[in-house]
Amino acid sequence: MSGWLSVGMVAVPLLGALLLLVAGDALRPVLRVYGMAVSGVTLGLAVVMVAMFDYGQAARPQFTVDVAWIPGLDLRFQLGVDGISLPLVALTALLTFLCFAYLGWGGGAGPGQLLRPRAGGARPRALVFTLLVLEVGMIGTFLALDLLLFFVFFEIVLVPMYFLIAIWGGERRRAAAIKFILYTLLGSVVMLLGLLLIWAQAGTLDIVALAQGHGAGMSRAVQVVAFVAVGLGLAVKTPMWPLHTWLPDAHTEAPTVGSVLLAGVLLKMGTYGFARIAIPVLPEGAAAVAPWLGALAVVGIVYGALACLAQRDLKRMIAYSSVGHMGFVLLGFATLTPTGINGALFANIAHGLITGLLFFLAGAIKDRYHTADIPSLGGGMLATLPRLGAVLTFAAIASLGLPGLAGFWGEMLALFGAFQPAESLPRGLFLTFMVIGGLGAVLTAAYFLVMLSLVTHGAPAAAGGAVPVGVPGPGAGGGGVVGRLSATLPEAPDERPVHPLPEARDERLVHPLPEAPDERPVHALPAAAGPPGMADIRRHELVAWVPLIGLILLFGLWPGLLLSLTTPAVQILLGALP
């Protein structure tokens with residue numbers, strides 16, 4: 001009876017997108033609110049689903065639909081949610097609605113909004129259509145209970161995200177979009193081969209039946225091959241080092257809402273696949289590959305942090321931080337323990353909230369300063385734009401894992417899971433992973449604190465004022481945040497030897513002339529309220545950011561709200577691990 005909720009979650013954005021094709025001209029005057037209305041209905045259905053969910057039975061699928069899809073091939077249209085997928089469905093509906101609110105709230109013509117004129121045309125109807133189709137694929141992926149249906153929804157998101165980057169992105173958008181589509185399509189081909197191998201060996205595509213069978217009908221060798229194939233496809237989307245290279249370019253060139261949904265939802269589709277398919281369906285394969293997965297995860301943690309320290313572009317730095325954060329998620333999965341996998345699932349949600357907020361902030365900063373280059377921002381944001389600087393500080397310390405905020409719990413539990421991995425795994429190796437992961441956490445704090453010192457603190461010289469002509473600017477220290485931090489240090493004293501002047505024979509030399517004054521022009525620094533025309537937080541930004549800030553605080557102070565939901569499902573998921 002309640003299966004209509006699952007169908008409605010997919011049908012509402014799909015019908016909304018189709019209506020734009022049929023009656024696009026009639027809807028053009030109301031495009032600003034149309035996307036908010038359609039995604040708002042979807043969010044309302046998600047709220048009803050969360051309210052009606054039976055939390056005492058979180059391990060079993062609820063709101064299920066199971067109807068024949070292609071009877072000749074015994075393919076079925078199966079949807080449902082459990083304790084693992086429910087938070088991700090709600091997160092997807094929320095972030096999509098907040099993106100539409102960001103685009104359309106108020107007049108809809110402000111910086112970064114739907115109706116804002118841009119080179120090549122704003123194309124608002126196409127943008128709303130693209131985002132609605134993207135929502136169909138994202139929500140469908142988390143609801144699907146059939147392997148082939150999962151793959152179909154998994155692939156649907158690639159096309160709208162490609163156009164989102166290629167049409168509304170930055171100067172190098174075409175190259176970034178092509179790189180994104182090539183990487184993800186190649187990964188999907190390998191994953192499809194793994195899914196077909198599972199179907200051929202197990203004789204069913206039913207994810208629930210396969211998970212309950214825990215690899216029944218498949219030998220260990222088959223499970224290892226299938227896990228590697230499926231895992232590679234999921235690792236590209238996650239992304240896992242060294243398959244991550246499409247991500248920084250895609251994030252840097254994508255529009256603000258594209259970056260928010262890419263980081264907040266699309267990356268989670270890859271990690272969700274490990275929890276929904278790879279680990280429960282292929283337990284022996286998971287146990288065999290787990291040490292390799294853990295090793296690649298911790299390399300990604302450290303690599304992502306070091307790459308962040310070398311970045312000049314704010315969006316690119318946040319993108320590389322996702323490589324590190326997803327490394328903690330993969331490390332949690334690799335432990336094959338309830339603690340580690342619960343930490344991975346918690347980190348999934350926390351990363352979606354925090355990094356979604358960070359990309360909203362990066363877009364707002366770029367709209368104001370017309371650049372995301374950290375040296376060009378000039379520092380002093382807490383003086384010029386105090387509210388924006390305060391929210392950026394909050395998001396950064398949440399992402400570095402400050403206790404009491406959502407970013408702390410997932411990474412801490414993943415490291416704790418590595419301290420005591422599953423019995424079949426080598427504990428000494430995973431203790432090494434834990435130490436390396438802890439080092440990565442320290443580096444994460446380092447690059448965020450350095451970024452804040454350069455953007456939010458100091459004198460706001462480059463925000464609109466300048467220094468005397470001929471004096472080196474704030475970026476004179478070289479590339480990367482470390483090089484730019486060194487530019488702020490005092491100059492070393494001149495220690496060359498001083499030779500005495502010859503004895504004066506002329507009275508005029510005894511009393512030297514006064515030094516000529518420095519007549520280089522000096523431009524005044526901006527006032528504390530910021531340069532003329534540069535507003536602090538705008539109304540549509542406030543609407544989009546406040547819910548994320550509230551949830552980051554809620555899950556940071558009350559982690560049991562999520563952990564109590566995922567724990568029963570994780571215990572079932574691990575039921576037959578060796």
# chains A, B, ... in the order shown; residues from 1 in each chain; ligands from 1
call {"tool": "residues_around", "arguments": {"residues": "range 451-459 of chain A", "least_positions_apart": "4", "cutoff": "8 Å", "atoms": "only C-alpha atoms", "output": "VMD selection string"}}
result
chain A and resid 374 to 375 377 to 383 389 393 396 447 481 484 to 485
call {"tool": "closest_residue", "arguments": {"among": "A:Val50, A:Ala406, A:Gly83, A:Phe129", "to": "Val38 in chain A", "atoms": "only C-alpha atoms"}}
result
A:Phe129
call {"tool": "residues_around", "arguments": {"residues": "Trp199 in chain A", "least_positions_apart": "5", "cutoff": "12 Å", "atoms": "only C-alpha atoms", "output": "PyMOL selection string"}}
result
chain A and resi 73-75+146-148+192-194+204-207+209-210+215-218+222-223+226+281
call {"tool": "atom_distance", "arguments": {"atom1": "CA of Tyr320 in chain A", "atom2": "CA of Pro338 in chain A"}}
result
27.8 Å
call {"tool": "residues_around", "arguments": {"residues": "Phe419 in chain A", "least_positions_apart": "6", "cutoff": "10 Å", "atoms": "only C-alpha atoms", "output": "ChimeraX atom specification"}}
result
/A:335,340,413,427-435
call {"tool": "write_last_selection", "arguments": {"atoms": "C-alpha atoms", "output": "PDB file, in the first residue's frame"}}
result
ATOM      1  CA  THR A 335      37.324  -3.003   7.685  1.00  0.00           C
ATOM      2  CA  GLY A 340      33.722   0.768  10.255  1.00  0.00           C
ATOM      3  CA  LEU A 413      34.486   5.473  13.495  1.00  0.00           C
ATOM      4  CA  ARG A 427      45.150  -6.574  12.000  1.00  0.00           C
ATOM      5  CA  GLY A 428      48.730  -5.307  11.746  1.00  0.00           C
ATOM      6  CA  LEU A 429      48.143  -4.032   8.232  1.00  0.00           C
ATOM      7  CA  PHE A 430      44.956  -2.240   9.223  1.00  0.00           C
ATOM      8  CA  LEU A 431      46.699  -0.696  12.239  1.00  0.00           C
ATOM      9  CA  THR A 432      49.127   0.792   9.731  1.00  0.00           C
ATOM     10  CA  PHE A 433      46.163   2.065   7.719  1.00  0.00           C
ATOM     11  CA  MET A 434      44.754   3.632  10.884  1.00  0.00           C
ATOM     12  CA  VAL A 435      48.006   5.497  11.579  1.00  0.00           C
TER      13      VAL A 435
END
call {"tool": "atom_distance", "arguments": {"atom1": "CA of Leu91 in chain A", "atom2": "CA of Glu155 in chain A"}}
result
19.5 Å
call {"tool": "closest_residue", "arguments": {"among": "A:Ala177, A:Val189, A:Val265, A:Ala347", "to": "Pro248 in chain A", "atoms": "only C-alpha atoms"}}
result
A:Ala177
call {"tool": "residues_around", "arguments": {"residues": "Gly407 in chain A", "least_positions_apart": "5", "cutoff": "8 Å", "atoms": "only C-alpha atoms", "output": "PyMOL selection string"}}
result
chain A and resi 347+350-351+354+398-402+552+556
call {"tool": "write_last_selection", "arguments": {"atoms": "N, CA and C atoms", "output": "short mmCIF file (atom, residue, chain, number, x, y, z; two decimals), in the first residue's frame"}}
result
data_model
loop_
_atom_site.label_atom_id
_atom_site.label_comp_id
_atom_site.auth_asym_id
_atom_site.auth_seq_id
_atom_site.Cartn_x
_atom_site.Cartn_y
_atom_site.Cartn_z
N ALA A 347 29.77 9.05 7.45
CA ALA A 347 30.62 10.01 6.74
C ALA A 347 30.04 10.37 5.39
N ALA A 350 27.47 13.08 6.22
CA ALA A 350 28.16 14.28 6.70
C ALA A 350 28.88 14.99 5.56
N HIS A 351 29.55 14.23 4.70
CA HIS A 351 30.25 14.84 3.57
C HIS A 351 29.28 15.52 2.62
N ILE A 354 28.29 18.87 4.43
CA ILE A 354 29.37 19.84 4.62
C ILE A 354 29.95 20.31 3.29
N ALA A 398 34.01 22.27 10.22
CA ALA A 398 33.19 21.06 10.19
C ALA A 398 33.82 20.01 9.29
N SER A 399 34.39 20.43 8.16
CA SER A 399 35.00 19.49 7.23
C SER A 399 36.30 18.90 7.77
N LEU A 400 37.03 19.67 8.57
CA LEU A 400 38.28 19.13 9.13
C LEU A 400 38.04 18.18 10.30
N GLY A 401 36.77 18.02 10.72
CA GLY A 401 36.44 17.01 11.72
C GLY A 401 36.43 17.48 13.15
N LEU A 402 36.01 18.71 13.39
CA LEU A 402 35.94 19.21 14.76
C LEU A 402 34.88 18.44 15.55
N ILE A 552 24.18 19.89 10.06
CA ILE A 552 25.57 19.63 10.47
C ILE A 552 25.68 19.68 11.99
N GLY A 556 26.10 16.31 14.40
CA GLY A 556 27.31 16.38 15.19
C GLY A 556 27.05 16.21 16.67
#
call {"tool": "residues_around", "arguments": {"residues": "range 52-57 of chain A", "least_positions_apart": "5", "cutoff": "9 Å", "atoms": "only C-alpha atoms", "output": "NGL selection string"}}
result
:A and (47 or 62-63 or 82-83 or 86 or 564-565 or 568-569)
call {"tool": "residues_around", "arguments": {"residues": "Gly324 in chain A", "least_positions_apart": "5", "cutoff": "8 Å", "atoms": "only C-alpha atoms", "output": "VMD selection string"}}
result
chain A and resid 300 to 305 440
call {"tool": "write_last_selection", "arguments": {"atoms": "N, CA, C and O atoms", "output": "PDB file, in the first residue's frame"}}
result
ATOM      1  N   GLY A 300      44.611   7.625  -0.846  1.00  0.00           N
ATOM      2  CA  GLY A 300      43.739   8.718  -1.256  1.00  0.00           C
ATOM      3  C   GLY A 300      43.582   9.771  -0.171  1.00  0.00           C
ATOM      4  O   GLY A 300      43.508  10.969  -0.468  1.00  0.00           O
ATOM      5  N   ILE A 301      43.533   9.340   1.092  1.00  0.00           N
ATOM      6  CA  ILE A 301      43.409  10.290   2.202  1.00  0.00           C
ATOM      7  C   ILE A 301      44.601  11.242   2.233  1.00  0.00           C
ATOM      8  O   ILE A 301      44.454  12.464   2.292  1.00  0.00           O
ATOM      9  N   VAL A 302      45.807  10.670   2.196  1.00  0.00           N
ATOM     10  CA  VAL A 302      47.014  11.494   2.282  1.00  0.00           C
ATOM     11  C   VAL A 302      47.217  12.286   0.990  1.00  0.00           C
ATOM     12  O   VAL A 302      47.549  13.477   1.020  1.00  0.00           O
ATOM     13  N   TYR A 303      47.015  11.647  -0.146  1.00  0.00           N
ATOM     14  CA  TYR A 303      47.188  12.343  -1.424  1.00  0.00           C
ATOM     15  C   TYR A 303      46.231  13.527  -1.538  1.00  0.00           C
ATOM     16  O   TYR A 303      46.631  14.618  -1.965  1.00  0.00           O
ATOM     17  N   GLY A 304      44.967  13.322  -1.171  1.00  0.00           N
ATOM     18  CA  GLY A 304      44.002  14.409  -1.252  1.00  0.00           C
ATOM     19  C   GLY A 304      44.402  15.587  -0.385  1.00  0.00           C
ATOM     20  O   GLY A 304      44.282  16.749  -0.798  1.00  0.00           O
ATOM     21  N   ALA A 305      44.904  15.308   0.827  1.00  0.00           N
ATOM     22  CA  ALA A 305      45.310  16.388   1.719  1.00  0.00           C
ATOM     23  C   ALA A 305      46.524  17.142   1.174  1.00  0.00           C
ATOM     24  O   ALA A 305      46.569  18.373   1.191  1.00  0.00           O
ATOM     25  N   GLY A 440      46.504  11.683   7.771  1.00  0.00           N
ATOM     26  CA  GLY A 440      45.687  12.401   6.797  1.00  0.00           C
ATOM     27  C   GLY A 440      44.709  13.354   7.446  1.00  0.00           C
ATOM     28  O   GLY A 440      44.451  14.451   6.934  1.00  0.00           O
TER      29      GLY A 440
END
call {"tool": "atom_distance", "arguments": {"atom1": "CA of Leu15 in chain A", "atom2": "CA of Arg28 in chain A"}}
result
16.5 Å
call {"tool": "closest_residue", "arguments": {"among": "A:Val236, A:Thr92, A:Leu573, A:Val128", "to": "Val30 in chain A", "atoms": "only C-alpha atoms"}}
result
A:Val128
call {"tool": "closest_residue", "arguments": {"among": "A:Leu196, A:Leu164, A:Ile279, A:Ile84", "to": "Glu253 in chain A", "atoms": "only C-alpha atoms"}}
result
A:Leu164
